[in-house]
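Trainee: Here it is, the structure in full.
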Amino acid sequence: MKDASPKPAPRRDAAAEQEEVLYAPRRKLYVRAVTGVFAKWRWALVWITQIIFYGLPWLTWNNRQAVLFHLTERKFYIFGWVFWPQDVFFLAILLIISAYALFFFTAVAGRLWCGYACPQTVYTELFMWIEQKIEGDHNRRQKLDQAPMSGRKLAIRSAKYGAWALVSLWTGFTFVAYFSPLSELLQSVLNFGFGPWELFWILFYGSFTYLFAGVMREQVCKYMCPYARFQSVMFDPDTLVITYDEERGEPRGTRRKGIDPRSVNKGDCIDCGICVQVCPTGIDIRKGLQYECIGCAACIDACDQVMDKMNYPRGLIRYSTENALRQHWGTKDIISHVMRPRTLLYGAVLALVCIGFVWGLAMREPLRVDVIRDRASLAREVEDGMIENVYRLQVMNMTEAPRNFSLAVSGLDGVRIDGDNTVKVGPAATEAVTLRVLVPYDSGKPGANEIAFDVKAGDDPSLTVHEKTTFLFPR
């Protein structure tokens with residue numbers, strides 16, 4: 001007699017179940033174009049950032065590239081400044097400023113950087129604009145994807161991919177132009193003679209621009225960007241974020257234009273879904289704040305246009321705070337709570353660091369001298385009972401004009417430089433000079449004695465460096 005009891009279902013592989021939960025299949029987004037106040041701000045930032053990025057390498061200053069991080073020469077040229085490896089301190093301060101600016105603006109208004117100025121956002125906007133111009137609006141793009149391959153489809157796709165590739169290669173070329181002189185790169189283009197590293201970085205940076213902005217898009221923001229993961233620790237209930245007013249919008253539902261939603265027991269939301277269609281990461285802001293939201297405010301522009309058509313007040317989706325929604329605060333109350341101790345502290349620290357950075361740049365000496373005593377010959381007695389020490393001076397002229405410097409030594413009676421005491425240093429150059437310093441035998445004590453070198457510009461007496469070192473007497 002057969003067993004009639006039900007058999008247990010076959011066990012599924014645990015790893016497969018976990019993979020099914022963790023890795024949902026990607027749903028391609030056909031982002032709808034949107035206009036409005038925040039869209040204009042985004043495009044303004046696109047124009048500003050890209051004019052700066054693409055334009056800076058073409059600017060000249062003192063017959064050179066205005067902004068050039070010349071790795072071969074180990075010099076950074078930024079308009080009138082020339083930075084050397086010894087100036088890495090300024091880079092550290094700049095990174096601190098960037099970190100505190102991120103903390104400050106995130107605590108005040110969430111992911112402003114992501115929504116308006118992040119390169120991923122900027123280039124995705126640019127690539128989507130190209131896509132829209134070539135393939136059409138979101139409905140046409142979707143139909144084109146679903147259509148079988150044809151000559152027309154192949155031509156349209158080739159035009160789009162070709163335009164993306166040109167923008168990506170030009171972006172890679174521009175990136176490399178910040179580290180290798182643009183004049184040399186242009187000559188390499190004409191001669192088809194790129195060096196291996198220049199060609200590698202042009203293709204590397206261009207390829208990732210194409211991949212991130214053209215192919216992966218929202219996947220970068222959702223799965224690769226670390227900021228999306230730790231942003232929550234910088235948010236609090238008084239942070240300005242993009243919010244959906246659930247109390248006003250629910251219950252949502254369709255109705256004819258001009259109908260009072262309360263007369264049909266509905267909220268202001270007509271459930272049109274346009275806020276989802278315009279979202280570059282494909283989220284529904286009506287489900288609350290989500291880590292995928294990059295704060296671009298496209299949903300605000302879209303919802304405001306729908307509210308205008310329905311003759312409802314704007315602001316169903318708006319910038320607000322959790323506390324403001326819960327306690328029905330007005331604009332004045334929101335602003336007063338945004339400027340709270342946390343943001344004031346971040347702002348104060350940021351301001352102090354910025355002031356220190358500017359002060360450091362203003363007080364930066366255009367002349368630097370390193371003194372190294374010759375270790376092969378520490379001290380020896382020469383003619384006339386003099387004691388000789390040999391030094392190597394590294395004179396760094398940080399200005400972009402050639403200068404003649406006079407060298408002097410002081411600190412002991414009768415101390416003098418034997419030989420030429422001048423050195424000529426070219427613009428933004430370094431010159432090494434070896435000096436023999438003589439001191440009478442009875443002018444110091446055995447061992448180390450302090451002396452100092454004075455390096456002075458001949459055309460500018462105020463440009464002087466006083467560098468201390470030691471003079472050794474034999475014991």
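Identifiers for the structure tokens are assigned positionally: chains receive A, B, ... in sequence, residues are indexed from 1 per chain, and ligands are indexed from 1 in the order shown.
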I'd like the neighbourhood of Arg262 of chain A as a ChimeraX atom specification, where a residue qualifies if any of its atoms comes within 12 Å (using only C-alpha atoms), though same-chain residues fewer than 5 positions away should be ignored.
Mentor: /A:248-253,255,267-269,312
Trainee: Selection from above, N, CA, C and O atoms, as a PDB file, in the first residue's frame, can you write it?
Mentor:
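Below is the file out.pdb, written as the result:
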ATOM      1  N   ARG A 248      -1.135  64.859   3.417  1.00  0.00           N
ATOM      2  CA  ARG A 248      -1.882  65.606   2.408  1.00  0.00           C
ATOM      3  C   ARG A 248      -2.196  64.749   1.180  1.00  0.00           C
ATOM      4  O   ARG A 248      -3.256  64.907   0.562  1.00  0.00           O
ATOM      5  N   GLY A 249      -1.305  63.838   0.816  1.00  0.00           N
ATOM      6  CA  GLY A 249      -1.464  63.116  -0.440  1.00  0.00           C
ATOM      7  C   GLY A 249      -2.325  61.874  -0.373  1.00  0.00           C
ATOM      8  O   GLY A 249      -2.876  61.444  -1.395  1.00  0.00           O
ATOM      9  N   GLU A 250      -2.451  61.253   0.794  1.00  0.00           N
ATOM     10  CA  GLU A 250      -3.173  59.986   0.898  1.00  0.00           C
ATOM     11  C   GLU A 250      -4.623  60.201   1.362  1.00  0.00           C
ATOM     12  O   GLU A 250      -4.897  61.152   2.114  1.00  0.00           O
ATOM     13  N   PRO A 251      -5.544  59.306   0.982  1.00  0.00           N
ATOM     14  CA  PRO A 251      -5.347  58.208   0.020  1.00  0.00           C
ATOM     15  C   PRO A 251      -5.283  58.754  -1.399  1.00  0.00           C
ATOM     16  O   PRO A 251      -6.036  59.645  -1.774  1.00  0.00           O
ATOM     17  N   ARG A 252      -4.362  58.200  -2.172  1.00  0.00           N
ATOM     18  CA  ARG A 252      -4.171  58.663  -3.541  1.00  0.00           C
ATOM     19  C   ARG A 252      -5.171  57.986  -4.476  1.00  0.00           C
ATOM     20  O   ARG A 252      -5.724  56.937  -4.166  1.00  0.00           O
ATOM     21  N   GLY A 253      -5.363  58.602  -5.628  1.00  0.00           N
ATOM     22  CA  GLY A 253      -6.283  58.027  -6.606  1.00  0.00           C
ATOM     23  C   GLY A 253      -6.556  58.996  -7.735  1.00  0.00           C
ATOM     24  O   GLY A 253      -6.332  60.204  -7.615  1.00  0.00           O
ATOM     25  N   ARG A 255      -8.749  61.184 -10.544  1.00  0.00           N
ATOM     26  CA  ARG A 255      -9.997  61.965 -10.588  1.00  0.00           C
ATOM     27  C   ARG A 255      -9.862  62.999 -11.699  1.00  0.00           C
ATOM     28  O   ARG A 255      -8.771  63.195 -12.248  1.00  0.00           O
ATOM     29  N   GLY A 267      -6.777  62.086  -1.311  1.00  0.00           N
ATOM     30  CA  GLY A 267      -5.758  63.092  -1.048  1.00  0.00           C
ATOM     31  C   GLY A 267      -5.387  63.805  -2.340  1.00  0.00           C
ATOM     32  O   GLY A 267      -5.974  63.560  -3.406  1.00  0.00           O
ATOM     33  N   ASP A 268      -4.388  64.669  -2.261  1.00  0.00           N
ATOM     34  CA  ASP A 268      -3.998  65.441  -3.446  1.00  0.00           C
ATOM     35  C   ASP A 268      -3.265  64.598  -4.479  1.00  0.00           C
ATOM     36  O   ASP A 268      -3.208  64.976  -5.655  1.00  0.00           O
ATOM     37  N   CYS A 269      -2.650  63.486  -4.092  1.00  0.00           N
ATOM     38  CA  CYS A 269      -1.904  62.660  -5.049  1.00  0.00           C
ATOM     39  C   CYS A 269      -2.880  61.936  -5.973  1.00  0.00           C
ATOM     40  O   CYS A 269      -3.771  61.211  -5.520  1.00  0.00           O
ATOM     41  N   TYR A 312      -4.173  72.396  -7.784  1.00  0.00           N
ATOM     42  CA  TYR A 312      -3.895  72.132  -6.372  1.00  0.00           C
ATOM     43  C   TYR A 312      -2.641  72.911  -5.967  1.00  0.00           C
ATOM     44  O   TYR A 312      -1.824  73.267  -6.819  1.00  0.00           O
TER      45      TYR A 312
END
Trainee: Contacts between segment 119-125 of chain A and segment 267-300 of chain A, please, where a residue of segment 267-300 of chain A counts if it comes within 9 Å (with only C-alpha atoms); show its shortest atom pair and distance in Å to one decimal, rows by chain and ascending number, as CSV.
Mentor:
residue,atom,partner,partner_atom,distance
A:Pro280,CA,A:Thr124,CA,8.9
A:Ile294,CA,A:Thr121,CA,8.8
A:Cys296,CA,A:Thr121,CA,8.7
Trainee: For segment 383-394 of chain A, list every protein, DNA or RNA residue within 10 Å, evaluated using only C-alpha atoms, and leave out those in the same chain fewer than 3 positions away; present the list as a PyMOL selection string.
Mentor: chain A and resi 368-380+397+407+414-418+430-444+453+455+469-474
Trainee: Considering only C-alpha atoms, give me a table of residues in segment 147-233 of chain A that are at most 10 Å from segment 67-80 of chain A, with the closest atom pair and distance in Å for each, as a Markdown table.
Mentor:
| residue | atom | partner | partner_atom | distance |
| --- | --- | --- | --- | --- |
| A:Val176 | CA | A:Phe69 | CA | 9.8 |
| A:Ala177 | CA | A:Leu68 | CA | 7.6 |
| A:Tyr178 | CA | A:Leu68 | CA | 5.0 |
| A:Phe179 | CA | A:Phe69 | CA | 4.8 |
| A:Ser180 | CA | A:His70 | CA | 6.1 |
| A:Pro181 | CA | A:Leu68 | CA | 7.0 |
| A:Leu182 | CA | A:Leu68 | CA | 8.9 |
Trainee: Keeping N, CA and C atoms, export the residues of the selection given above as a PDB file, in the first residue's frame.
Mentor:
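The result, written out as selection_37.pdb:
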ATOM      1  N   VAL A 176      43.638  63.777 -18.911  1.00  0.00           N
ATOM      2  CA  VAL A 176      45.090  63.601 -19.038  1.00  0.00           C
ATOM      3  C   VAL A 176      45.775  64.947 -19.246  1.00  0.00           C
ATOM      4  N   ALA A 177      45.085  65.914 -19.882  1.00  0.00           N
ATOM      5  CA  ALA A 177      45.673  67.232 -20.128  1.00  0.00           C
ATOM      6  C   ALA A 177      45.946  67.997 -18.843  1.00  0.00           C
ATOM      7  N   TYR A 178      45.370  67.578 -17.733  1.00  0.00           N
ATOM      8  CA  TYR A 178      45.689  68.206 -16.455  1.00  0.00           C
ATOM      9  C   TYR A 178      47.027  67.713 -15.907  1.00  0.00           C
ATOM     10  N   PHE A 179      47.533  66.596 -16.418  1.00  0.00           N
ATOM     11  CA  PHE A 179      48.753  65.999 -15.887  1.00  0.00           C
ATOM     12  C   PHE A 179      49.884  65.953 -16.906  1.00  0.00           C
ATOM     13  N   SER A 180      49.565  66.116 -18.160  1.00  0.00           N
ATOM     14  CA  SER A 180      50.565  66.175 -19.219  1.00  0.00           C
ATOM     15  C   SER A 180      50.247  67.406 -20.063  1.00  0.00           C
ATOM     16  N   PRO A 181      51.226  68.251 -20.390  1.00  0.00           N
ATOM     17  CA  PRO A 181      50.926  69.515 -21.075  1.00  0.00           C
ATOM     18  C   PRO A 181      50.050  69.322 -22.304  1.00  0.00           C
ATOM     19  N   LEU A 182      49.043  70.175 -22.417  1.00  0.00           N
ATOM     20  CA  LEU A 182      48.091  70.074 -23.521  1.00  0.00           C
ATOM     21  C   LEU A 182      48.782  70.223 -24.870  1.00  0.00           C
TER      22      LEU A 182
END
Trainee: So which one's closest to Val34 of chain A, A:Ala107, A:Val215, A:Val349, A:Ile300? Using only C-alpha atoms, please.
Mentor: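 Between A:Ala107, A:Val215, A:Val349, A:Ile300, the residue approaching Val34 of chain A most closely is A:Ile300.
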Trainee: By how many Å are atom CA of Phe357 of chain A and atom CA of Tyr100 of chain A apart?
Mentor: 13.4 Å
Trainee: Can you check which residues of segment 221-339 of chain A DSSP gives as strand (DSSP E or B) on the backbone and send them as a PyMOL selection string?
Mentor: chain A and resi 241-244+317-320
Trainee: Please determine, counting only C-alpha atoms, which residue among A:Ile51, A:Ala457, A:Trp201, A:Val82 has the shortest atom-to-atom distance to Ala66 of chain A.
Mentor: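 Result for the nearest residue to Ala66 of chain A: A:Val82.
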Trainee: Where does segment 257-309 of chain A meet segment 216-222 of chain A within 12 Å, residue by residue, with the nearest atom pair and distance in Å to one decimal for each, counting only C-alpha atoms, listed by chain and rising number, as CSV?
Mentor:
residue,atom,partner,partner_atom,distance
A:Cys279,CA,A:Glu218,CA,9.7
A:Pro280,CA,A:Glu218,CA,6.5
A:Thr281,CA,A:Glu218,CA,4.9
A:Gly282,CA,A:Glu218,CA,8.0
A:Ile283,CA,A:Glu218,CA,10.4
A:Gln290,CA,A:Lys222,CA,10.4
A:Tyr291,CA,A:Lys222,CA,7.8
A:Glu292,CA,A:Lys222,CA,5.4
A:Cys293,CA,A:Lys222,CA,8.7
A:Ile294,CA,A:Cys221,CA,7.7
A:Gly295,CA,A:Cys221,CA,11.5
Trainee: May I have the selected residues written with N, CA and C atoms, as a PDB file, in the first residue's frame?
Mentor:
ATOM      1  N   CYS A 279      12.509  59.856 -11.937  1.00  0.00           N
ATOM      2  CA  CYS A 279      13.583  59.593 -10.970  1.00  0.00           C
ATOM      3  C   CYS A 279      14.739  58.860 -11.654  1.00  0.00           C
ATOM      4  N   PRO A 280      15.964  59.381 -11.595  1.00  0.00           N
ATOM      5  CA  PRO A 280      17.092  58.720 -12.260  1.00  0.00           C
ATOM      6  C   PRO A 280      17.501  57.409 -11.613  1.00  0.00           C
ATOM      7  N   THR A 281      17.066  57.148 -10.369  1.00  0.00           N
ATOM      8  CA  THR A 281      17.359  55.856  -9.743  1.00  0.00           C
ATOM      9  C   THR A 281      16.131  54.958  -9.663  1.00  0.00           C
ATOM     10  N   GLY A 282      14.983  55.443 -10.154  1.00  0.00           N
ATOM     11  CA  GLY A 282      13.795  54.615 -10.268  1.00  0.00           C
ATOM     12  C   GLY A 282      13.068  54.325  -8.973  1.00  0.00           C
ATOM     13  N   ILE A 283      13.214  55.158  -7.958  1.00  0.00           N
ATOM     14  CA  ILE A 283      12.529  54.906  -6.685  1.00  0.00           C
ATOM     15  C   ILE A 283      11.204  55.657  -6.651  1.00  0.00           C
ATOM     16  N   GLN A 290      14.688  57.038   1.077  1.00  0.00           N
ATOM     17  CA  GLN A 290      15.401  55.807   0.761  1.00  0.00           C
ATOM     18  C   GLN A 290      16.849  56.145   0.427  1.00  0.00           C
ATOM     19  N   TYR A 291      17.730  55.201   0.712  1.00  0.00           N
ATOM     20  CA  TYR A 291      19.142  55.491   0.500  1.00  0.00           C
ATOM     21  C   TYR A 291      19.468  55.683  -0.986  1.00  0.00           C
ATOM     22  N   GLU A 292      18.627  55.164  -1.891  1.00  0.00           N
ATOM     23  CA  GLU A 292      18.884  55.333  -3.318  1.00  0.00           C
ATOM     24  C   GLU A 292      18.611  56.756  -3.801  1.00  0.00           C
ATOM     25  N   CYS A 293      17.864  57.530  -3.019  1.00  0.00           N
ATOM     26  CA  CYS A 293      17.532  58.898  -3.434  1.00  0.00           C
ATOM     27  C   CYS A 293      18.795  59.753  -3.449  1.00  0.00           C
ATOM     28  N   ILE A 294      19.099  60.366  -4.603  1.00  0.00           N
ATOM     29  CA  ILE A 294      20.296  61.188  -4.709  1.00  0.00           C
ATOM     30  C   ILE A 294      19.997  62.674  -4.510  1.00  0.00           C
ATOM     31  N   GLY A 295      18.768  63.010  -4.211  1.00  0.00           N
ATOM     32  CA  GLY A 295      18.424  64.395  -3.905  1.00  0.00           C
ATOM     33  C   GLY A 295      18.430  65.316  -5.101  1.00  0.00           C
TER      34      GLY A 295
END
Trainee: Tell me, as a VMD selection string, which residues lie within 12 Å of Leu95 of chain A, counting only C-alpha atoms; anything in the same chain fewer than 5 positions away does not count.
Mentor: chain A and resid 88 to 90 100 to 102 350 353 to 354 357
Trainee: Now that the selection is made, can you save its residues with N, CA and C atoms as a compact mmCIF listing (two decimals), in the first residue's frame?
Mentor:
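What follows is the written file selection.txt:
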# COMPACT_ATOMS: atom_id res chain seq x y z
N VAL A 88 52.81 69.55 0.09
CA VAL A 88 51.74 68.56 0.25
C VAL A 88 50.83 68.92 1.43
N PHE A 89 51.33 69.75 2.34
CA PHE A 89 50.51 70.22 3.46
C PHE A 89 49.23 70.88 2.96
N PHE A 90 49.33 71.66 1.89
CA PHE A 90 48.14 72.34 1.37
C PHE A 90 47.13 71.33 0.81
N TYR A 100 34.88 68.33 5.54
CA TYR A 100 33.98 69.11 6.39
C TYR A 100 32.86 69.76 5.57
N ALA A 101 33.15 70.13 4.33
CA ALA A 101 32.09 70.67 3.47
C ALA A 101 31.03 69.59 3.21
N LEU A 102 31.48 68.36 3.01
CA LEU A 102 30.54 67.26 2.80
C LEU A 102 29.68 67.05 4.06
N LEU A 350 34.56 74.46 9.45
CA LEU A 350 34.83 74.63 8.03
C LEU A 350 35.35 76.04 7.73
N VAL A 353 39.00 76.39 9.04
CA VAL A 353 39.97 75.69 8.19
C VAL A 353 40.16 76.44 6.87
N CYS A 354 39.07 76.97 6.31
CA CYS A 354 39.18 77.74 5.06
C CYS A 354 40.01 79.00 5.27
N PHE A 357 43.57 78.01 5.48
CA PHE A 357 44.08 77.64 4.15
C PHE A 357 44.43 78.89 3.35
Trainee: Could you check how far atom CA of Glu135 of chain A sits from atom CA of Gly214 of chain A, in Å to one decimal?
Mentor: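 According to the coordinates, atom CA of Glu135 of chain A and atom CA of Gly214 of chain A are separated by 13.8 Å.
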Trainee: List the spatial neighbours of Asn311 of chain A as a ChimeraX atom specification - criterion: any atom at most 10 Å away, only C-alpha atoms, same-chain residues fewer than 4 positions off excluded.
Mentor: /A:257-260,305-307
Trainee: If you measure from atom CA of Phe204 of chain A to atom CA of Tyr227 of chain A, what distance in Å do you get, rounded to one decimal?
Mentor: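 Separation of atom CA of Phe204 of chain A and atom CA of Tyr227 of chain A: 23.3 Å.
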Trainee: Between A:Ser406, A:Asn139, A:Thr254, A:Asn191, which is the closest to Lys266 of chain A once you count only C-alpha atoms?
Mentor: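 Among the listed residues, A:Thr254 lies closest to Lys266 of chain A.
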